[in-house]
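A.B. asks: Got a structure for you, written out below as structure tokens; questions coming shortly.
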Amino acid sequence: MKQIVRNRVMAWLLAAAVILGVLWIPAEKASAAGTPSVVYSAHVQSYGWMDEVSDGSVAGSVGERKRVEAFRMHISGNAALGIAYQTHVQTYGWQKEVYDGAVAGTTGKAKRMEAIRIHLTGAAASDYDIYYSAHVQRIGWMNWVKNGETAGTVGRGLRMEAVAVKILPKGSPAPKNYSARNFDAVQLSYRSHVQKKGWMDWKEKGETSGVPDEELRMEAFEVKLGSSDFSGDVEYRAHVQSIGWQKWVKNGAGAGTTGKSKRVEAMEIRLTGEIAGLFDVYYRTYVQDWGWTGWAKNGESCGSTGISYRMEAFEVKLVKKGSASPSRAGTILYREAKPAPKPEPEPAGPKYSPDVQALVDQAQGYSSSTRYLIMVNTNTHLTIVFEGSYGNWTPVRVCSCSVGAPESPTIKGNYRMDSKVLNFGEERGFLCWYASGISGNYLIHSEPYSIADAPSGRLDSRMGVDITQGCVRVQLENARWIYYNVPVGTWIHID
């Protein structure tokens with residue numbers, strides 16, 4: 001009898017061991033057995049740290065001529081795997097190797113990364129290969145390299161602009177080079193739901209979806225990406241009559257409403273994932289009483305809110321970064337409701353000088369996609385920063401300025417602030433500080449200073465003259481204020 005009991009106990013323990021052996025794995029072994037993912041982020045000229053991406057997606061920018069300045073990465077999903085990396089930096093050369101999320105490169109010194117080496121560490125390192133590719137100034141995407149090889153260039157003075165990194169099982173073939181992928185095969189299509197007409201045909205490549213000039217409201221729209229060599233999604237949302245901004249949807253889902261007789265008033269469209277690092281999405285809307293707006297880009301608002309204007313049509317273009325893009329100068333993208341005017345007491349005397357008052361009056365006819373607007377008059381050498389909204393702009397910063405010399409005039413027109421850079425000009429023997437981008441190489445920035453870690457040794461303090469290479473020069477304290485307070489996307493009007 002005792003033997004029978006003993007046998008039953010042993011059988012029960014054996015069954016329990018089998019069950020536990022199947023169902024229970026130590027936490028460190030479960031993590032070590034996981035599928036690894038590499039997560040990384042780039043610090044980019046004028047943008048700072050960009051959002052983290054992973055597994056072959058692009059970190060940095062393409063087609064914007066901006067340097068990568070620093071890089072950091074870590075492994076997710078496998079505790080037995082780590083990562084080490086080393087960067088080659090302008091004037092410094094190869095820096096010390098860092099590990100698992102530490103920063104490689106520099107920030108705040110305006111130094112370009114030129115090359116990178118990456119390899120895996122940890123007990124599982126022999127089970128995987130780490131592949132990486134660099135996008136380099138004047139070269140474009142270079143071939144994938146792996147396991148400690150150099151990506152980028154050394155000794156050629158070329159900036160790295162973007163990086164992609166991917167982990168693959170040991171012995172896997174290298175990823176397909178970006179330069180060999182079919183960019184032309186990436187297609188974006190879209191359609192609209194229109195009052196009395198319902199869903200219209202799908203359109204693409206800037207074709208008009210909707211019905212301009214027939215006084216019919218757009219009620220909904222859809223946008224989708226076709227299959228391609230690149231990962232990522234297109235996301236979008238609508239501002240709808242009596243509802244406001246809806247939630248973001250993606251890849252062919254409907255934005256807006258159907259069957260409710262409500263107008264779409266504004267839209268936003270953006271790309272995500274790998275494709276967002278390689279393409280820009282541009283879009284414009286046809287608005288009641290206005291006609292076509294300007295081209296919005298990558299998630300900007302386009303249309304109107306609060307003034308009960310219907311959208312009647314829209315167009316979308318997908319543009320490879322670095323390729324020719326639609327002009328964005330001189331037209332309204334988006335307008336909010338104009339607030340009711342506030343009663344003001346009669347001033348005791350003139351509030352502004354005639355030159356300042358002229359810019360104040362002129363500003364009321366402009367809008368901006370932020371709460372700030374910048375007006376520059378090259379004749380009176382004035383730069384004024386306004387806060388408010390269309391028709392209700394108040395000066396918050398009045399600056400004397402210098403502008404382009406006759407042989408290098410300052411550009412004129414409407415521009416959207418496109419970048420920020422702490423300083424520039426070191427290669428020419430000086431530093432201008434707190435630069436805010438107007439368009440391309442045209443900037444609002446401080447006077448030139450001696451090369452140092454902070455502004456010191458002013459080299460030329462002249463204001464109110466035509467002397468620059470085309471930029472708008474303001475005093476250091478004004479450049480600093482604009483740099484830290486006025487966001488990218490603000491409209492700048494120059495006469």
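In the structure tokens, the first chain shown is A, the next is B, and so on; residue numbers restart at 1 for each chain, and ligands run from 1 in the order shown.
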Please identify all polymer residues within 12 Å of Trp49 of chain A, counting only C-alpha atoms, omitting same-chain residues fewer than 3 positions from it, and present them as a PyMOL selection string.
C.D. replies: chain A and resi 40-46+52-53+59-61+68-72+103+106-108
A.B. asks: Would you mind exporting all heavy atoms of the selected residues as a short mmCIF file (atom, residue, chain, number, x, y, z; two decimals), in the first residue's frame?
C.D. replies:
```cif
data_model
loop_
_atom_site.label_atom_id
_atom_site.label_comp_id
_atom_site.auth_asym_id
_atom_site.auth_seq_id
_atom_site.Cartn_x
_atom_site.Cartn_y
_atom_site.Cartn_z
N TYR A 40 16.46 53.63 -32.01
CA TYR A 40 17.50 54.65 -32.11
C TYR A 40 16.91 56.01 -32.45
O TYR A 40 15.77 56.12 -32.92
CB TYR A 40 18.54 54.26 -33.17
CG TYR A 40 17.97 53.75 -34.48
CD1 TYR A 40 17.85 54.58 -35.59
CD2 TYR A 40 17.56 52.42 -34.61
CE1 TYR A 40 17.33 54.10 -36.78
CE2 TYR A 40 17.04 51.95 -35.79
CZ TYR A 40 16.93 52.79 -36.88
OH TYR A 40 16.41 52.32 -38.07
N SER A 41 17.72 57.06 -32.19
CA SER A 41 17.29 58.43 -32.41
C SER A 41 18.50 59.26 -32.82
O SER A 41 19.61 59.02 -32.36
CB SER A 41 16.66 59.01 -31.14
OG SER A 41 16.34 60.39 -31.30
N ALA A 42 18.26 60.26 -33.66
CA ALA A 42 19.31 61.17 -34.12
C ALA A 42 19.06 62.58 -33.61
O ALA A 42 17.91 63.03 -33.54
CB ALA A 42 19.39 61.17 -35.65
N HIS A 43 20.13 63.28 -33.26
CA HIS A 43 20.07 64.71 -32.93
C HIS A 43 20.48 65.46 -34.20
O HIS A 43 21.59 65.31 -34.69
CB HIS A 43 21.03 65.03 -31.79
CG HIS A 43 20.92 66.42 -31.27
ND1 HIS A 43 21.46 67.52 -31.91
CD2 HIS A 43 20.31 66.92 -30.16
CE1 HIS A 43 21.20 68.61 -31.22
NE2 HIS A 43 20.50 68.27 -30.15
N VAL A 44 19.56 66.24 -34.74
CA VAL A 44 19.71 66.83 -36.07
C VAL A 44 19.79 68.35 -35.97
O VAL A 44 19.09 68.97 -35.16
CB VAL A 44 18.53 66.41 -36.99
CG1 VAL A 44 18.64 67.07 -38.36
CG2 VAL A 44 18.50 64.90 -37.14
N GLN A 45 20.65 68.92 -36.79
CA GLN A 45 20.81 70.37 -36.88
C GLN A 45 19.47 71.07 -36.93
O GLN A 45 18.63 70.74 -37.76
CB GLN A 45 21.62 70.69 -38.14
CG GLN A 45 21.73 72.16 -38.48
CD GLN A 45 22.36 72.38 -39.84
OE1 GLN A 45 22.84 71.44 -40.47
NE2 GLN A 45 22.38 73.61 -40.30
N SER A 46 19.25 72.02 -36.05
CA SER A 46 18.07 72.89 -35.94
C SER A 46 16.83 72.18 -35.43
O SER A 46 15.87 72.84 -35.04
CB SER A 46 17.75 73.59 -37.28
OG SER A 46 17.12 72.72 -38.19
N GLU A 52 12.18 58.61 -31.62
CA GLU A 52 12.81 57.30 -31.78
C GLU A 52 12.17 56.51 -32.92
O GLU A 52 10.95 56.58 -33.13
CB GLU A 52 12.71 56.50 -30.49
CG GLU A 52 13.61 56.99 -29.38
CD GLU A 52 13.61 56.06 -28.19
OE1 GLU A 52 12.60 55.34 -28.00
OE2 GLU A 52 14.61 56.04 -27.44
N VAL A 53 12.99 55.79 -33.66
CA VAL A 53 12.52 54.87 -34.70
C VAL A 53 13.19 53.53 -34.45
O VAL A 53 14.02 53.38 -33.56
CB VAL A 53 12.84 55.40 -36.11
CG1 VAL A 53 12.11 56.71 -36.38
CG2 VAL A 53 14.34 55.60 -36.29
N ALA A 59 16.45 57.51 -39.25
CA ALA A 59 16.66 58.51 -38.20
C ALA A 59 17.48 59.65 -38.79
O ALA A 59 18.55 59.43 -39.33
CB ALA A 59 17.39 57.90 -37.01
N GLY A 60 16.97 60.86 -38.71
CA GLY A 60 17.63 62.01 -39.31
C GLY A 60 16.72 62.64 -40.33
O GLY A 60 15.49 62.60 -40.21
N SER A 61 17.29 63.24 -41.36
CA SER A 61 16.50 63.88 -42.42
C SER A 61 17.17 63.63 -43.75
O SER A 61 18.39 63.44 -43.82
CB SER A 61 16.37 65.39 -42.17
OG SER A 61 17.64 66.00 -42.22
N VAL A 68 23.48 65.35 -39.06
CA VAL A 68 23.30 64.61 -37.81
C VAL A 68 24.45 64.99 -36.89
O VAL A 68 25.61 64.99 -37.31
CB VAL A 68 23.28 63.09 -38.05
CG1 VAL A 68 23.30 62.34 -36.73
CG2 VAL A 68 22.04 62.69 -38.85
N GLU A 69 24.14 65.33 -35.65
CA GLU A 69 25.16 65.78 -34.70
C GLU A 69 25.44 64.75 -33.61
O GLU A 69 26.54 64.72 -33.05
CB GLU A 69 24.73 67.10 -34.07
CG GLU A 69 24.56 68.22 -35.09
CD GLU A 69 24.04 69.52 -34.50
OE1 GLU A 69 23.40 69.47 -33.43
OE2 GLU A 69 24.25 70.57 -35.10
N ALA A 70 24.46 63.94 -33.29
CA ALA A 70 24.63 62.92 -32.25
C ALA A 70 23.67 61.78 -32.50
O ALA A 70 22.71 61.90 -33.27
CB ALA A 70 24.41 63.53 -30.86
N PHE A 71 23.92 60.67 -31.82
CA PHE A 71 23.15 59.45 -32.07
C PHE A 71 23.10 58.65 -30.77
O PHE A 71 24.05 58.65 -29.98
CB PHE A 71 23.84 58.65 -33.17
CG PHE A 71 22.95 57.66 -33.86
CD1 PHE A 71 21.98 58.10 -34.74
CD2 PHE A 71 23.11 56.30 -33.66
CE1 PHE A 71 21.16 57.19 -35.40
CE2 PHE A 71 22.29 55.39 -34.31
CZ PHE A 71 21.32 55.84 -35.18
N ARG A 72 21.99 57.96 -30.55
CA ARG A 72 21.90 57.05 -29.42
C ARG A 72 21.00 55.88 -29.79
O ARG A 72 20.09 56.03 -30.62
CB ARG A 72 21.37 57.77 -28.18
CG ARG A 72 19.98 58.39 -28.32
CD ARG A 72 19.64 59.27 -27.14
NE ARG A 72 18.32 59.89 -27.29
CZ ARG A 72 17.89 60.92 -26.57
NH1 ARG A 72 18.67 61.45 -25.63
NH2 ARG A 72 16.68 61.43 -26.76
N VAL A 103 24.82 58.69 -25.37
CA VAL A 103 24.90 59.62 -26.50
C VAL A 103 26.29 59.54 -27.12
O VAL A 103 27.30 59.69 -26.43
CB VAL A 103 24.59 61.06 -26.07
CG1 VAL A 103 24.84 62.04 -27.22
CG2 VAL A 103 23.16 61.16 -25.58
N THR A 106 28.04 64.96 -30.53
CA THR A 106 27.99 66.18 -29.74
C THR A 106 26.64 66.87 -29.93
O THR A 106 25.96 66.66 -30.94
CB THR A 106 29.09 67.18 -30.15
OG1 THR A 106 28.87 67.58 -31.53
CG2 THR A 106 30.47 66.55 -30.05
N THR A 107 26.27 67.70 -28.96
CA THR A 107 25.09 68.55 -29.10
C THR A 107 25.48 69.96 -28.68
O THR A 107 26.31 70.14 -27.79
CB THR A 107 23.92 68.05 -28.23
OG1 THR A 107 24.31 68.05 -26.86
CG2 THR A 107 23.50 66.64 -28.63
N GLY A 108 24.91 70.96 -29.34
CA GLY A 108 25.16 72.34 -28.99
C GLY A 108 26.49 72.88 -29.47
O GLY A 108 26.88 73.98 -29.10
#
```
A.B. asks: Report as a PyMOL selection string: the residues of segment 296-475 of chain A with a DSSP assignment of helix (DSSP H, G or I), based on the backbone of this structure.
C.D. replies: chain A and resi 354-363+426-428
A.B. asks: Separation of atom CA of Lys146 of chain A and atom CA of Ile130 of chain A, in Å?
C.D. replies: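 Value for the atom CA of Lys146 of chain A-atom CA of Ile130 of chain A distance: 5.4 Å.
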A.B. asks: Could you list, as a PyMOL selection string, every residue within 9 Å of Gly388 of chain A, counting only C-alpha atoms and ignoring same-chain residues fewer than 2 positions away?
C.D. replies: chain A and resi 370-373+386+390-395
A.B. asks: Output C-alpha atoms for every residue in the selection just made, as a PDB file, in the first residue's frame.
C.D. replies:
```
ATOM      1  CA  THR A 370       1.292  79.852 -35.026  1.00  0.00           C
ATOM      2  CA  ARG A 371       0.388  82.639 -32.606  1.00  0.00           C
ATOM      3  CA  TYR A 372       3.334  84.674 -33.886  1.00  0.00           C
ATOM      4  CA  LEU A 373       3.961  86.598 -37.120  1.00  0.00           C
ATOM      5  CA  PHE A 386       3.710  90.115 -33.510  1.00  0.00           C
ATOM      6  CA  TYR A 390      -5.402  87.465 -38.219  1.00  0.00           C
ATOM      7  CA  GLY A 391      -6.583  91.062 -37.895  1.00  0.00           C
ATOM      8  CA  ASN A 392      -5.536  91.274 -34.247  1.00  0.00           C
ATOM      9  CA  TRP A 393      -1.727  91.322 -34.211  1.00  0.00           C
ATOM     10  CA  THR A 394       0.091  93.159 -31.410  1.00  0.00           C
ATOM     11  CA  PRO A 395       3.842  93.960 -31.577  1.00  0.00           C
TER      12      PRO A 395
END
```
A.B. asks: Counting only C-alpha atoms, which residues of segment 52-121 of chain A fall within 9 Å of segment 161-179 of chain A, and what is the closest atom pair for each with its distance in Å at one decimal, ordered by chain and rising number, as a tab-separated table?
C.D. replies:
```
residue	atom	partner	partner_atom	distance
A:Ser54	CA	A:Val165	CA	7.4
A:Asp55	CA	A:Lys166	CA	4.7
A:Gly56	CA	A:Lys166	CA	4.8
A:Ser57	CA	A:Ala164	CA	5.7
A:Val58	CA	A:Ala164	CA	4.9
A:Ala59	CA	A:Val163	CA	5.4
A:Gly60	CA	A:Ala162	CA	4.2
A:Ser61	CA	A:Ala162	CA	5.5
A:Val62	CA	A:Glu161	CA	6.4
A:Gly63	CA	A:Glu161	CA	8.5
A:Glu64	CA	A:Glu161	CA	8.4
A:Arg65	CA	A:Glu161	CA	7.1
A:Lys66	CA	A:Glu161	CA	6.0
A:Arg67	CA	A:Glu161	CA	4.9
A:Val68	CA	A:Glu161	CA	5.2
A:Glu69	CA	A:Glu161	CA	8.9
A:Arg112	CA	A:Glu161	CA	8.8
A:Met113	CA	A:Glu161	CA	8.3
A:Glu114	CA	A:Glu161	CA	8.8
```
A.B. asks: Between atom CA of Val356 of chain A and atom CA of Ser439 of chain A, what distance in Å does the model show, to one decimal?
C.D. replies: 24.4 Å
A.B. asks: Please provide as a PDB file with N, CA and C atoms, in the first residue's frame all residues within 9 Å of Ile411 of chain A, with the sequence filter that same-chain residues fewer than 5 positions apart are discarded (counting only C-alpha atoms).
C.D. replies:
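Result went into out-v4.pdb, see below:
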```pdb
ATOM      1  N   GLY A 404      20.365  92.443 -46.617  1.00  0.00           N
ATOM      2  CA  GLY A 404      21.319  92.096 -47.650  1.00  0.00           C
ATOM      3  C   GLY A 404      21.918  93.283 -48.374  1.00  0.00           C
ATOM      4  N   SER A 439      14.252  80.787 -45.321  1.00  0.00           N
ATOM      5  CA  SER A 439      14.128  79.861 -46.450  1.00  0.00           C
ATOM      6  C   SER A 439      15.532  79.513 -46.913  1.00  0.00           C
ATOM      7  N   TYR A 442      18.805  81.598 -46.033  1.00  0.00           N
ATOM      8  CA  TYR A 442      18.418  82.918 -45.533  1.00  0.00           C
ATOM      9  C   TYR A 442      17.881  82.762 -44.105  1.00  0.00           C
ATOM     10  N   GLY A 470      22.495  88.475 -47.292  1.00  0.00           N
ATOM     11  CA  GLY A 470      21.102  88.194 -47.627  1.00  0.00           C
ATOM     12  C   GLY A 470      20.245  87.883 -46.416  1.00  0.00           C
ATOM     13  N   CYS A 471      20.901  87.588 -45.285  1.00  0.00           N
ATOM     14  CA  CYS A 471      20.164  87.306 -44.063  1.00  0.00           C
ATOM     15  C   CYS A 471      19.660  88.595 -43.415  1.00  0.00           C
ATOM     16  N   ILE A 494       8.412  89.566 -45.783  1.00  0.00           N
ATOM     17  CA  ILE A 494       9.519  90.485 -46.027  1.00  0.00           C
ATOM     18  C   ILE A 494       9.199  91.377 -47.224  1.00  0.00           C
ATOM     19  N   ASP A 495       9.273  92.674 -47.022  1.00  0.00           N
ATOM     20  CA  ASP A 495       9.114  93.656 -48.104  1.00  0.00           C
ATOM     21  C   ASP A 495      10.455  94.349 -48.319  1.00  0.00           C
TER      22      ASP A 495
END
```
A.B. asks: Between A:His493, A:Arg397, A:Arg263, A:Lys111, which has the minimum distance to Ser367 of chain A (counting only C-alpha atoms)?
C.D. replies: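 Looking at the shortest contact to Ser367 of chain A, the residue is A:His493.
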A.B. asks: Please identify all polymer residues within 7 Å of Thr378 of chain A, counting only C-alpha atoms, omitting same-chain residues fewer than 3 positions from it, and present them as a ChimeraX atom specification.
C.D. replies: /A:381-382,403,495
A.B. asks: Tell me, in Å to one decimal, how far atom CA of Gln362 of chain A is from atom CA of Cys302 of chain A.
C.D. replies: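 Atom CA of Gln362 of chain A sits 23.1 Å away from atom CA of Cys302 of chain A.
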A.B. asks: Taking the backbone alone, and naming residues the way the document does, which bits of segment 340-495 of chain A are strand (DSSP E) by DSSP, as a PyMOL selection string?
C.D. replies: chain A and resi 372-377+382-387+394-404+413-416+420-424+431-439+442-445+448-449+466-468+472-474+491-494
A.B. asks: Find the residues near segment 209-219 of chain A: any atom within 6 Å, counting only C-alpha atoms, skip ones fewer than 2 places away on the same chain, and give them as a list in words.
C.D. replies: Arg191, Ser192, His193, Val194, Gln195, Gly256, Thr257, Lys262, Arg263, Val264, Arg310, Met311, Glu312, Ala313 and Phe314 of chain A
A.B. asks: Create the file for the chosen residues now, containing all heavy atoms and written as a tab-separated table (two decimals), in the first residue's frame.
C.D. replies:
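Saved file result24.tsv follows:
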```tsv
chain	number	residue	atom	x	y	z
A	191	ARG	N	-9.54	60.27	-51.96
A	191	ARG	CA	-10.85	60.58	-52.53
A	191	ARG	C	-11.68	61.35	-51.52
A	191	ARG	O	-11.36	61.38	-50.32
A	191	ARG	CB	-11.58	59.31	-52.95
A	191	ARG	CG	-11.95	58.36	-51.82
A	191	ARG	CD	-12.81	57.22	-52.35
A	191	ARG	NE	-13.21	56.30	-51.30
A	191	ARG	CZ	-14.16	55.37	-51.44
A	191	ARG	NH1	-14.79	55.25	-52.62
A	191	ARG	NH2	-14.49	54.56	-50.46
A	192	SER	N	-12.75	61.98	-51.99
A	192	SER	CA	-13.61	62.81	-51.14
A	192	SER	C	-15.06	62.37	-51.27
A	192	SER	O	-15.49	61.84	-52.31
A	192	SER	CB	-13.47	64.28	-51.52
A	192	SER	OG	-13.75	64.47	-52.89
A	193	HIS	N	-15.78	62.61	-50.20
A	193	HIS	CA	-17.24	62.42	-50.19
A	193	HIS	C	-17.86	63.81	-50.24
A	193	HIS	O	-17.63	64.64	-49.36
A	193	HIS	CB	-17.66	61.69	-48.91
A	193	HIS	CG	-19.11	61.29	-48.90
A	193	HIS	ND1	-20.12	62.16	-48.61
A	193	HIS	CD2	-19.70	60.10	-49.16
A	193	HIS	CE1	-21.29	61.53	-48.66
A	193	HIS	NE2	-21.06	60.27	-49.00
A	194	VAL	N	-18.65	64.07	-51.29
A	194	VAL	CA	-19.15	65.42	-51.58
A	194	VAL	C	-20.67	65.45	-51.50
A	194	VAL	O	-21.34	64.51	-51.94
A	194	VAL	CB	-18.67	65.88	-52.97
A	194	VAL	CG1	-19.23	67.25	-53.32
A	194	VAL	CG2	-17.15	65.90	-53.03
A	195	GLN	N	-21.18	66.54	-50.95
A	195	GLN	CA	-22.62	66.79	-50.87
A	195	GLN	C	-23.30	66.49	-52.21
A	195	GLN	O	-22.84	66.94	-53.26
A	195	GLN	CB	-22.83	68.25	-50.47
A	195	GLN	CG	-24.27	68.73	-50.46
A	195	GLN	CD	-24.35	70.24	-50.24
A	195	GLN	OE1	-23.32	70.91	-50.09
A	195	GLN	NE2	-25.55	70.78	-50.19
A	256	GLY	N	-14.04	62.58	-41.27
A	256	GLY	CA	-15.22	63.38	-41.55
A	256	GLY	C	-16.47	62.59	-41.21
A	256	GLY	O	-16.45	61.70	-40.36
A	257	THR	N	-17.57	62.91	-41.85
A	257	THR	CA	-18.83	62.20	-41.62
A	257	THR	C	-19.54	61.98	-42.95
A	257	THR	O	-19.29	62.69	-43.93
A	257	THR	CB	-19.77	63.00	-40.70
A	257	THR	OG1	-20.11	64.24	-41.34
A	257	THR	CG2	-19.11	63.30	-39.36
A	262	LYS	N	-22.73	67.50	-42.73
A	262	LYS	CA	-21.75	68.35	-42.06
A	262	LYS	C	-20.54	68.57	-42.97
A	262	LYS	O	-20.06	67.65	-43.61
A	262	LYS	CB	-21.31	67.74	-40.74
A	262	LYS	CG	-22.43	67.69	-39.70
A	262	LYS	CD	-21.92	67.20	-38.37
A	262	LYS	CE	-23.03	67.14	-37.34
A	262	LYS	NZ	-23.61	68.47	-37.03
A	263	ARG	N	-20.08	69.80	-43.00
A	263	ARG	CA	-18.95	70.14	-43.87
A	263	ARG	C	-17.61	69.84	-43.19
A	263	ARG	O	-17.46	70.01	-41.98
A	263	ARG	CB	-18.99	71.63	-44.24
A	263	ARG	CG	-18.86	72.55	-43.05
A	263	ARG	CD	-18.95	74.04	-43.39
A	263	ARG	NE	-19.01	74.82	-42.14
A	263	ARG	CZ	-20.13	75.20	-41.56
A	263	ARG	NH1	-21.31	74.91	-42.12
A	263	ARG	NH2	-20.10	75.87	-40.42
A	264	VAL	N	-16.65	69.40	-43.98
A	264	VAL	CA	-15.26	69.40	-43.55
A	264	VAL	C	-14.73	70.82	-43.74
A	264	VAL	O	-14.94	71.44	-44.77
A	264	VAL	CB	-14.41	68.41	-44.39
A	264	VAL	CG1	-12.93	68.57	-44.08
A	264	VAL	CG2	-14.84	66.97	-44.11
A	310	ARG	N	-16.78	76.12	-45.80
A	310	ARG	CA	-16.71	74.71	-46.22
A	310	ARG	C	-15.46	74.46	-47.09
A	310	ARG	O	-15.04	75.33	-47.85
A	310	ARG	CB	-17.95	74.30	-47.01
A	310	ARG	CG	-18.09	75.05	-48.32
A	310	ARG	CD	-19.33	74.67	-49.13
A	310	ARG	NE	-19.44	75.56	-50.29
A	310	ARG	CZ	-20.12	76.69	-50.30
A	310	ARG	NH1	-20.78	77.08	-49.21
A	310	ARG	NH2	-20.14	77.45	-51.39
A	311	MET	N	-14.90	73.30	-46.96
A	311	MET	CA	-13.94	72.80	-47.93
A	311	MET	C	-14.72	72.21	-49.09
A	311	MET	O	-15.72	71.49	-48.89
A	311	MET	CB	-13.03	71.73	-47.33
A	311	MET	CG	-11.74	72.25	-46.74
A	311	MET	SD	-10.74	70.94	-45.99
A	311	MET	CE	-10.67	69.74	-47.32
A	312	GLU	N	-14.27	72.49	-50.31
A	312	GLU	CA	-14.96	71.96	-51.48
A	312	GLU	C	-14.13	70.93	-52.24
A	312	GLU	O	-14.69	70.11	-52.98
A	312	GLU	CB	-15.35	73.11	-52.41
A	312	GLU	CG	-16.30	74.11	-51.76
A	312	GLU	CD	-16.66	75.28	-52.68
A	312	GLU	OE1	-16.13	75.36	-53.81
A	312	GLU	OE2	-17.48	76.12	-52.26
A	313	ALA	N	-12.80	70.98	-52.08
A	313	ALA	CA	-11.92	70.04	-52.79
A	313	ALA	C	-10.56	70.05	-52.13
A	313	ALA	O	-10.24	70.92	-51.31
A	313	ALA	CB	-11.81	70.44	-54.26
A	314	PHE	N	-9.72	69.07	-52.48
A	314	PHE	CA	-8.34	69.05	-52.00
A	314	PHE	C	-7.46	68.31	-52.98
A	314	PHE	O	-7.93	67.56	-53.84
A	314	PHE	CB	-8.25	68.46	-50.59
A	314	PHE	CG	-8.41	66.96	-50.48
A	314	PHE	CD1	-7.35	66.17	-50.07
A	314	PHE	CD2	-9.62	66.33	-50.78
A	314	PHE	CE1	-7.47	64.80	-49.94
A	314	PHE	CE2	-9.76	64.96	-50.66
A	314	PHE	CZ	-8.68	64.19	-50.23
```
A.B. asks: Point out the residue among A:Thr410, A:Thr153, A:Ser308, A:Ser461 with the least atom-to-atom distance to Cys432 of chain A, counting only C-alpha atoms.
C.D. replies: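 The shortest atom-to-atom distance to Cys432 of chain A comes from A:Ser461.
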A.B. asks: Excluding same-chain residues fewer than 2 positions from Arg480 of chain A, what lies within 8 Å of it counting only C-alpha atoms, as a list of chain:residue names?
C.D. replies: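 Here the qualifying residues turn out to be A:Trp433, A:Tyr434, A:Ser446, A:Leu476, A:Glu477, A:Asn478, A:Ile482, A:Tyr483, A:Tyr484.
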A.B. asks: Residues of the last selection are to be written out with N, CA, C and O atoms, as a compact mmCIF listing (two decimals), in the first residue's frame.
C.D. replies:
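again_6.txt written:
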```txt
# COMPACT_ATOMS: atom_id res chain seq x y z
N TRP A 433 24.86 83.83 -33.95
CA TRP A 433 24.12 83.03 -32.97
C TRP A 433 22.61 83.15 -33.15
O TRP A 433 22.10 84.11 -33.70
N TYR A 434 21.91 82.11 -32.64
CA TYR A 434 20.45 82.09 -32.51
C TYR A 434 19.78 82.36 -33.86
O TYR A 434 19.01 83.32 -34.01
N SER A 446 21.93 86.79 -35.15
CA SER A 446 22.63 87.86 -34.42
C SER A 446 23.75 88.46 -35.26
O SER A 446 24.07 88.00 -36.35
N LEU A 476 21.82 90.68 -30.67
CA LEU A 476 21.88 89.37 -30.05
C LEU A 476 20.66 89.06 -29.18
O LEU A 476 20.08 87.97 -29.27
N GLU A 477 20.25 90.02 -28.34
CA GLU A 477 19.14 89.75 -27.44
C GLU A 477 17.83 89.51 -28.20
O GLU A 477 16.97 88.73 -27.78
N ASN A 478 17.67 90.18 -29.35
CA ASN A 478 16.48 89.96 -30.16
C ASN A 478 16.54 88.61 -30.88
O ASN A 478 15.53 87.90 -30.98
N ILE A 482 13.78 85.57 -30.34
CA ILE A 482 13.08 84.91 -31.44
C ILE A 482 13.38 83.42 -31.45
O ILE A 482 12.49 82.57 -31.63
N TYR A 483 14.65 83.07 -31.25
CA TYR A 483 15.08 81.66 -31.28
C TYR A 483 14.31 80.83 -30.25
O TYR A 483 13.87 79.70 -30.54
N TYR A 484 14.14 81.37 -29.05
CA TYR A 484 13.53 80.59 -27.98
C TYR A 484 12.02 80.74 -27.88
O TYR A 484 11.36 79.92 -27.22
```
A.B. asks: Which of these residues is nearest to His239 of chain A, using only C-alpha atoms: A:Gly489, A:Gly157, A:Gly303, A:Gly101?
C.D. replies: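 Closest candidate: A:Gly303.
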A.B. asks: May I ask which of the residues A:Asp51, A:Asp418, A:Glu300, A:Glu274 is the closest one to Arg237 of chain A, counting only C-alpha atoms?
C.D. replies: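 Checking each candidate against Arg237 of chain A, we get A:Glu300 as the closest.
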A.B. asks: Nearest to Ala479 of chain A among A:Lys321, A:His445, A:Lys224, A:Lys412, with distances taken over only C-alpha atoms: which residue is it?
C.D. replies: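 Comparing A:Lys321, A:His445, A:Lys224, A:Lys412 against Ala479 of chain A, the winner is A:His445.
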A.B. asks: Looking at only C-alpha atoms, which of A:Met267, A:Gly155, A:Asp355, A:Tyr449 is the one that sits closest to Tyr92 of chain A?
C.D. replies: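 The closest residue to Tyr92 of chain A is A:Gly155.
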